[in-house]
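**Student:** I have a structure I would like to understand better, so I am pasting it below and will then ask my questions one at a time.
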Amino acid sequence: MSLEFITIFWRDMLRFVRFRALLISSLLQPAIWMAFFGVAMSSSFTRFGTYAPSPEGVMAIGYLTFMAAGVIAMTSMFTSLFGGMSLLFDKTFGLMREMLASPMPRTHLILGIGLSGVVKAWIQSLIILSFGLIIGVNFFQGKNFPELAVSILGILLFVGVFSLGFTFLSAAIALRQESHEGMQGIITMLSMPLFFTSNALYPIENFPVILKTIALFNPLTYLVTGIRSFAIGDHFYAFGIEYLYSSGEILLALGALVLFTLVTFSLALYSVQRVTIT
Amino acid sequence: MTERSIISVKELEHRFGDVRAVDGISFTVNKGEVFSFLGPNGAGKSTVINILITLLHLQKGMVTVAGHDIQKSPSLIRNSIGIVFQNEVLDRDLTVWESMEFHGRLYAIPRDERRDRIEELLKIVELTEKQGIRTKYLSGGMRRRLEIARGLMTRPEILFLDEPTIGLDPQTRIRIWDYIRRVNKEGTTIFLTTHYMDEADQLSSRIGIIDHGKIIIEGTPTELKNTLGSDIIYLDTDDNDRTASLLTNFQGIHSVRMMKDGVNAVTSIDGTRCLPQVFDLLSLNSIKIFGANLKKPSMDDVFIHYTGKEIREESTEKAHHPHMRRGR
């Protein structure tokens, strides 16, 4: 098996580490979300919580813990949606000609960028997890060491599949766009509705039917579900709603993300086969 | 395809929408030669190159490169060629070494071999000391040298050089010519495009001139220059119009062209014999001669003669070639 995609990945990571401003901002941004939005909102929501006491025997979680999973998901989405941007740069600056004229199969271009998107999302997720635990997110309650390891691996699995899917989507967009402004516009247009029709910051159970249906097709929802089940547990109480995840639901969520990733991979593959730069 | 030919193009056509960029051209490049592909901007050069290096799909015609059919086995071709693109293709945030490393990995060269070749090539293009520096901090000449080294990394059978010395100072150009000659001597066939006629003249074994999507003439530099006649007489007189009309009908003169500040006459006989006769003719007609000059045709003259106009260069490049502007 040829491993040229590692080369694409290597270069993309070199650039990621080298652009100090990009690196630092991408690491700080999620922490800022947690610290400001999370703490601010949780101070309000915790007051509502007292009007809806949790049923007996079910673990009640605070807002900060509830939204921490959402922040991981959101960060993964934004990072991945921008992950294909380097392809647009390579295209407009002509650097892609070197790769397209090489014997490397074009699939590897997509795979390499995808892998780099995954690794960036993993790094950010681990940072948010650590930072969250420091400022009082109640993740991994009562878990022993092996259970903790499984939980973290589970989160990374969900984040990995999800960001692979979104990086492929981003790559497909980048390969068809001519300008960075156009790409920015598309990313904003995609990310806003995805973010607000998901269960990242609030429950979707009380959504009107239309929004609920949209949320059902939203990959972000499945990612958040996956992260919560591994980080908090399969049975908890928040916002006056009792959450009970069966392993079937978790598998379904993972399956939905895998399906999403396969679709965006095909899109990216189709786009990279058609791209011509002279 | 003969045994000696390494690139063979037959009746190649290419369209972009309604525009016929390449209009049925055929040529061959022989193994071991430096073939220069010349033509004005927009003549179709880049399209042909992009087809040869497999960046554009073949629409019509037959093309083989390094013994492989371009449609059947593009990836075999990719493995046999090296490319130095017309515009700089360097990631400015990678170091010199990393740029080479990236390229070597794209072509799946094994690690140890990759390291040896990078070391060797950086030494040849005198960039060993710069290997840890990001390419954005290199001068234009260094970047071009790096790109040439990179193009050679895969030990290609054919090296495509698309205007390799554009925008470089004379010292750097001469150095790059040396590398090109050296590489060619070691057996690599060179496919060169350039807008510098002296470069084509200096380096090429053979030249093909393309305009309006067609090959106009092909031959060695000497052959091409000989097609213009023997010599060019340049005259500046008090009545250049009358001089031109007198010379047009004069025996021994092949053709006459009015210049901004004089008359150029191409001789059909030895110019050293022709010049005194021309002087006599003019003095007989009481035309006063301010200046005269006799020269062998240059590649510039050949180019202008066949493409009917001067080379359409980027304005920044003109300073290097003051004499090119004359005939406009």
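The chains in the structure tokens are called A, B, ... from first to last as shown; in each chain the residues are counted from 1, and the ligands are counted from 1 in the order shown.
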With a distance cut-off of 9 Å and only C-alpha atoms, select the neighbouring residues of segment 178-194 of chain A, excluding the residue or stretch itself and same-chain residues fewer than 3 positions from it, and output the selection as a list in words.
**Tutor:** Met74, Met77, Phe78, Leu81, Phe82, Met85, Leu88, Phe89, Lys91, Thr92, Ser170, Ile173, Ala174, Leu175, Thr197, Ser198, Ile214, Ala215, Asn218, Pro219, Leu220 and Thr221 of chain A
**Student:** Write the selection just made, keeping N, CA, C and O atoms, as a PDB file, in the first residue's frame?
**Tutor:**
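Dumped everything to selection_21.pdb:
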ATOM      1  N   MET A  74     -18.576  21.524  18.489  1.00  0.00           N
ATOM      2  CA  MET A  74     -18.547  22.743  17.686  1.00  0.00           C
ATOM      3  C   MET A  74     -17.139  23.036  17.180  1.00  0.00           C
ATOM      4  O   MET A  74     -16.928  23.351  16.012  1.00  0.00           O
ATOM      5  N   MET A  77     -16.182  20.837  14.432  1.00  0.00           N
ATOM      6  CA  MET A  77     -16.838  21.191  13.181  1.00  0.00           C
ATOM      7  C   MET A  77     -16.140  22.373  12.509  1.00  0.00           C
ATOM      8  O   MET A  77     -15.837  22.319  11.324  1.00  0.00           O
ATOM      9  N   PHE A  78     -15.864  23.422  13.285  1.00  0.00           N
ATOM     10  CA  PHE A  78     -15.235  24.596  12.682  1.00  0.00           C
ATOM     11  C   PHE A  78     -13.841  24.274  12.161  1.00  0.00           C
ATOM     12  O   PHE A  78     -13.480  24.640  11.042  1.00  0.00           O
ATOM     13  N   LEU A  81     -14.208  22.217   9.029  1.00  0.00           N
ATOM     14  CA  LEU A  81     -14.745  22.969   7.887  1.00  0.00           C
ATOM     15  C   LEU A  81     -13.683  23.874   7.273  1.00  0.00           C
ATOM     16  O   LEU A  81     -13.741  24.206   6.106  1.00  0.00           O
ATOM     17  N   PHE A  82     -12.720  24.287   8.091  1.00  0.00           N
ATOM     18  CA  PHE A  82     -11.635  25.093   7.538  1.00  0.00           C
ATOM     19  C   PHE A  82     -10.464  24.214   7.080  1.00  0.00           C
ATOM     20  O   PHE A  82      -9.514  24.710   6.500  1.00  0.00           O
ATOM     21  N   MET A  85      -9.303  24.333   3.516  1.00  0.00           N
ATOM     22  CA  MET A  85      -8.860  25.643   3.030  1.00  0.00           C
ATOM     23  C   MET A  85      -7.467  25.576   2.413  1.00  0.00           C
ATOM     24  O   MET A  85      -7.187  26.272   1.437  1.00  0.00           O
ATOM     25  N   LEU A  88      -7.483  25.038  -1.168  1.00  0.00           N
ATOM     26  CA  LEU A  88      -7.831  26.221  -1.958  1.00  0.00           C
ATOM     27  C   LEU A  88      -6.596  27.100  -2.143  1.00  0.00           C
ATOM     28  O   LEU A  88      -6.351  27.618  -3.226  1.00  0.00           O
ATOM     29  N   PHE A  89      -5.802  27.235  -1.082  1.00  0.00           N
ATOM     30  CA  PHE A  89      -4.559  28.000  -1.199  1.00  0.00           C
ATOM     31  C   PHE A  89      -3.628  27.342  -2.205  1.00  0.00           C
ATOM     32  O   PHE A  89      -3.066  28.003  -3.078  1.00  0.00           O
ATOM     33  N   LYS A  91      -4.363  25.542  -4.590  1.00  0.00           N
ATOM     34  CA  LYS A  91      -4.922  25.663  -5.932  1.00  0.00           C
ATOM     35  C   LYS A  91      -4.669  27.058  -6.482  1.00  0.00           C
ATOM     36  O   LYS A  91      -4.155  27.206  -7.579  1.00  0.00           O
ATOM     37  N   THR A  92      -5.013  28.077  -5.689  1.00  0.00           N
ATOM     38  CA  THR A  92      -4.900  29.434  -6.220  1.00  0.00           C
ATOM     39  C   THR A  92      -3.442  29.872  -6.356  1.00  0.00           C
ATOM     40  O   THR A  92      -3.119  30.643  -7.238  1.00  0.00           O
ATOM     41  N   SER A 170     -15.218  19.950   3.424  1.00  0.00           N
ATOM     42  CA  SER A 170     -14.475  21.184   3.231  1.00  0.00           C
ATOM     43  C   SER A 170     -13.563  21.078   2.005  1.00  0.00           C
ATOM     44  O   SER A 170     -13.450  22.013   1.207  1.00  0.00           O
ATOM     45  N   ILE A 173     -15.578  21.419  -1.135  1.00  0.00           N
ATOM     46  CA  ILE A 173     -15.922  22.824  -1.391  1.00  0.00           C
ATOM     47  C   ILE A 173     -14.694  23.566  -1.925  1.00  0.00           C
ATOM     48  O   ILE A 173     -14.760  24.260  -2.935  1.00  0.00           O
ATOM     49  N   ALA A 174     -13.557  23.372  -1.245  1.00  0.00           N
ATOM     50  CA  ALA A 174     -12.337  24.095  -1.620  1.00  0.00           C
ATOM     51  C   ALA A 174     -11.936  23.798  -3.061  1.00  0.00           C
ATOM     52  O   ALA A 174     -11.487  24.679  -3.786  1.00  0.00           O
ATOM     53  N   LEU A 175     -12.117  22.556  -3.488  1.00  0.00           N
ATOM     54  CA  LEU A 175     -11.687  22.178  -4.834  1.00  0.00           C
ATOM     55  C   LEU A 175     -12.583  22.769  -5.915  1.00  0.00           C
ATOM     56  O   LEU A 175     -12.214  22.822  -7.077  1.00  0.00           O
ATOM     57  N   THR A 197     -29.164  24.035  15.049  1.00  0.00           N
ATOM     58  CA  THR A 197     -30.173  22.972  15.033  1.00  0.00           C
ATOM     59  C   THR A 197     -29.614  21.686  15.632  1.00  0.00           C
ATOM     60  O   THR A 197     -30.090  20.608  15.331  1.00  0.00           O
ATOM     61  N   SER A 198     -28.607  21.819  16.457  1.00  0.00           N
ATOM     62  CA  SER A 198     -28.060  20.617  17.090  1.00  0.00           C
ATOM     63  C   SER A 198     -28.293  20.682  18.599  1.00  0.00           C
ATOM     64  O   SER A 198     -28.756  21.691  19.121  1.00  0.00           O
ATOM     65  N   ILE A 214     -34.865  18.584  11.260  1.00  0.00           N
ATOM     66  CA  ILE A 214     -33.550  19.016  10.769  1.00  0.00           C
ATOM     67  C   ILE A 214     -32.453  18.476  11.677  1.00  0.00           C
ATOM     68  O   ILE A 214     -31.457  17.936  11.221  1.00  0.00           O
ATOM     69  N   ALA A 215     -32.689  18.580  12.974  1.00  0.00           N
ATOM     70  CA  ALA A 215     -31.689  18.108  13.935  1.00  0.00           C
ATOM     71  C   ALA A 215     -31.390  16.625  13.744  1.00  0.00           C
ATOM     72  O   ALA A 215     -30.275  16.162  13.978  1.00  0.00           O
ATOM     73  N   ASN A 218     -28.763  16.152  11.274  1.00  0.00           N
ATOM     74  CA  ASN A 218     -27.586  16.979  11.547  1.00  0.00           C
ATOM     75  C   ASN A 218     -26.478  16.129  12.167  1.00  0.00           C
ATOM     76  O   ASN A 218     -26.625  15.616  13.272  1.00  0.00           O
ATOM     77  N   PRO A 219     -25.357  15.985  11.488  1.00  0.00           N
ATOM     78  CA  PRO A 219     -24.276  15.154  12.016  1.00  0.00           C
ATOM     79  C   PRO A 219     -23.792  15.632  13.383  1.00  0.00           C
ATOM     80  O   PRO A 219     -23.352  14.827  14.210  1.00  0.00           O
ATOM     81  N   LEU A 220     -23.887  16.940  13.602  1.00  0.00           N
ATOM     82  CA  LEU A 220     -23.422  17.500  14.868  1.00  0.00           C
ATOM     83  C   LEU A 220     -24.186  16.883  16.047  1.00  0.00           C
ATOM     84  O   LEU A 220     -23.609  16.599  17.097  1.00  0.00           O
ATOM     85  N   THR A 221     -25.498  16.661  15.849  1.00  0.00           N
ATOM     86  CA  THR A 221     -26.317  16.054  16.895  1.00  0.00           C
ATOM     87  C   THR A 221     -25.763  14.681  17.293  1.00  0.00           C
ATOM     88  O   THR A 221     -25.669  14.346  18.465  1.00  0.00           O
TER      89      THR A 221
END
**Student:** Against chain A, which residues of chain B fall within 12 Å? For each one I want the closest pair of atoms and the distance in Å (one decimal), counting only C-alpha atoms, rows by chain and increasing residue number, as CSV.
**Tutor:**
residue,atom,partner,partner_atom,distance
B:Lys45,CA,A:Thr278,CA,11.9
B:Ser46,CA,A:Thr278,CA,8.2
B:Thr47,CA,A:Thr278,CA,8.2
B:Val48,CA,A:Thr278,CA,10.9
B:Ile49,CA,A:Thr278,CA,9.5
B:Asn50,CA,A:Thr278,CA,6.5
B:Ile51,CA,A:Thr278,CA,9.5
B:Leu52,CA,A:Ala101,CA,10.4
B:Ile53,CA,A:Ala101,CA,6.7
B:Thr54,CA,A:Ala101,CA,6.6
B:Leu55,CA,A:Ala101,CA,6.1
B:Leu56,CA,A:Thr276,CA,7.0
B:His57,CA,A:Thr276,CA,9.1
B:Ser73,CA,A:Pro103,CA,10.7
B:Pro74,CA,A:Pro103,CA,8.4
B:Ser75,CA,A:Pro103,CA,5.2
B:Leu76,CA,A:Pro103,CA,7.7
B:Ile77,CA,A:Pro103,CA,8.5
B:Arg78,CA,A:Pro103,CA,5.4
B:Asn79,CA,A:Pro103,CA,6.2
B:Ser80,CA,A:Pro103,CA,9.7
B:Ile81,CA,A:Ser102,CA,9.2
B:Gly82,CA,A:Ser102,CA,9.2
B:Ile83,CA,A:Glu98,CA,8.4
B:Val84,CA,A:Glu98,CA,9.3
B:Phe85,CA,A:Arg97,CA,8.6
B:Gln86,CA,A:Thr278,CA,10.2
B:Asn87,CA,A:Gly94,CA,8.0
B:Glu88,CA,A:Gly94,CA,8.1
B:Val89,CA,A:Leu95,CA,5.1
B:Leu90,CA,A:Leu95,CA,6.5
B:Asp91,CA,A:Leu95,CA,6.9
B:Arg92,CA,A:Arg15,CA,10.0
B:Asp93,CA,A:Arg15,CA,6.8
B:Leu94,CA,A:Arg15,CA,7.7
B:Thr95,CA,A:Leu14,CA,10.5
B:Glu98,CA,A:Arg11,CA,8.7
B:Ser99,CA,A:Arg11,CA,9.4
B:Met100,CA,A:Glu98,CA,11.6
B:Glu101,CA,A:Thr7,CA,9.2
B:Phe102,CA,A:Thr7,CA,6.6
B:His103,CA,A:Glu98,CA,8.0
B:Gly104,CA,A:Thr7,CA,9.6
B:Arg105,CA,A:Thr7,CA,6.3
B:Leu106,CA,A:Glu4,CA,5.9
B:Tyr107,CA,A:Pro103,CA,6.2
B:Ala108,CA,A:Glu4,CA,6.9
B:Ile109,CA,A:Glu4,CA,10.4
B:Pro110,CA,A:Leu3,CA,11.6
B:Arg134,CA,A:Arg18,CA,10.9
B:Glu147,CA,A:Glu98,CA,10.7
B:Arg150,CA,A:Glu98,CA,10.3
B:Gly151,CA,A:Glu98,CA,9.9
B:Thr154,CA,A:Ser102,CA,10.4
B:Phe160,CA,A:Ala101,CA,11.9
**Student:** As a list in words, please: the residues near Asp198 of chain B (cut-off 12 Å, only C-alpha atoms, same-chain neighbours under 4 positions excluded).
**Tutor:**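 Final neighbour list, sorted by chain and number: Ser36, Leu38, Thr165, Pro170, Arg173, Ile174, Trp177, Thr194, Gln202, Leu203, Ser204, Pro221, Pro297, Ser298, Met299, Asp300, Asp301, Val302, Phe303, His320, His321, His323 and Met324 of chain B.
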**Student:** Under the rule that only C-alpha atoms are counted, which of A:Phe166, A:Ala172, A:Lys143, A:Ile134 is the nearest residue to Thr65 of chain A?
**Tutor:**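 For Thr65 of chain A, the nearest of the candidates is A:Ile134.
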**Student:** Based on the backbone DSSP call, show me all residues of segment 149-313 of chain B assigned strand (DSSP E or B), as a VMD selection string.
**Tutor:** chain B and resid 158 to 162 189 to 193 206 to 211 214 to 219 232 to 237 253 to 259 262 to 267 289 to 295
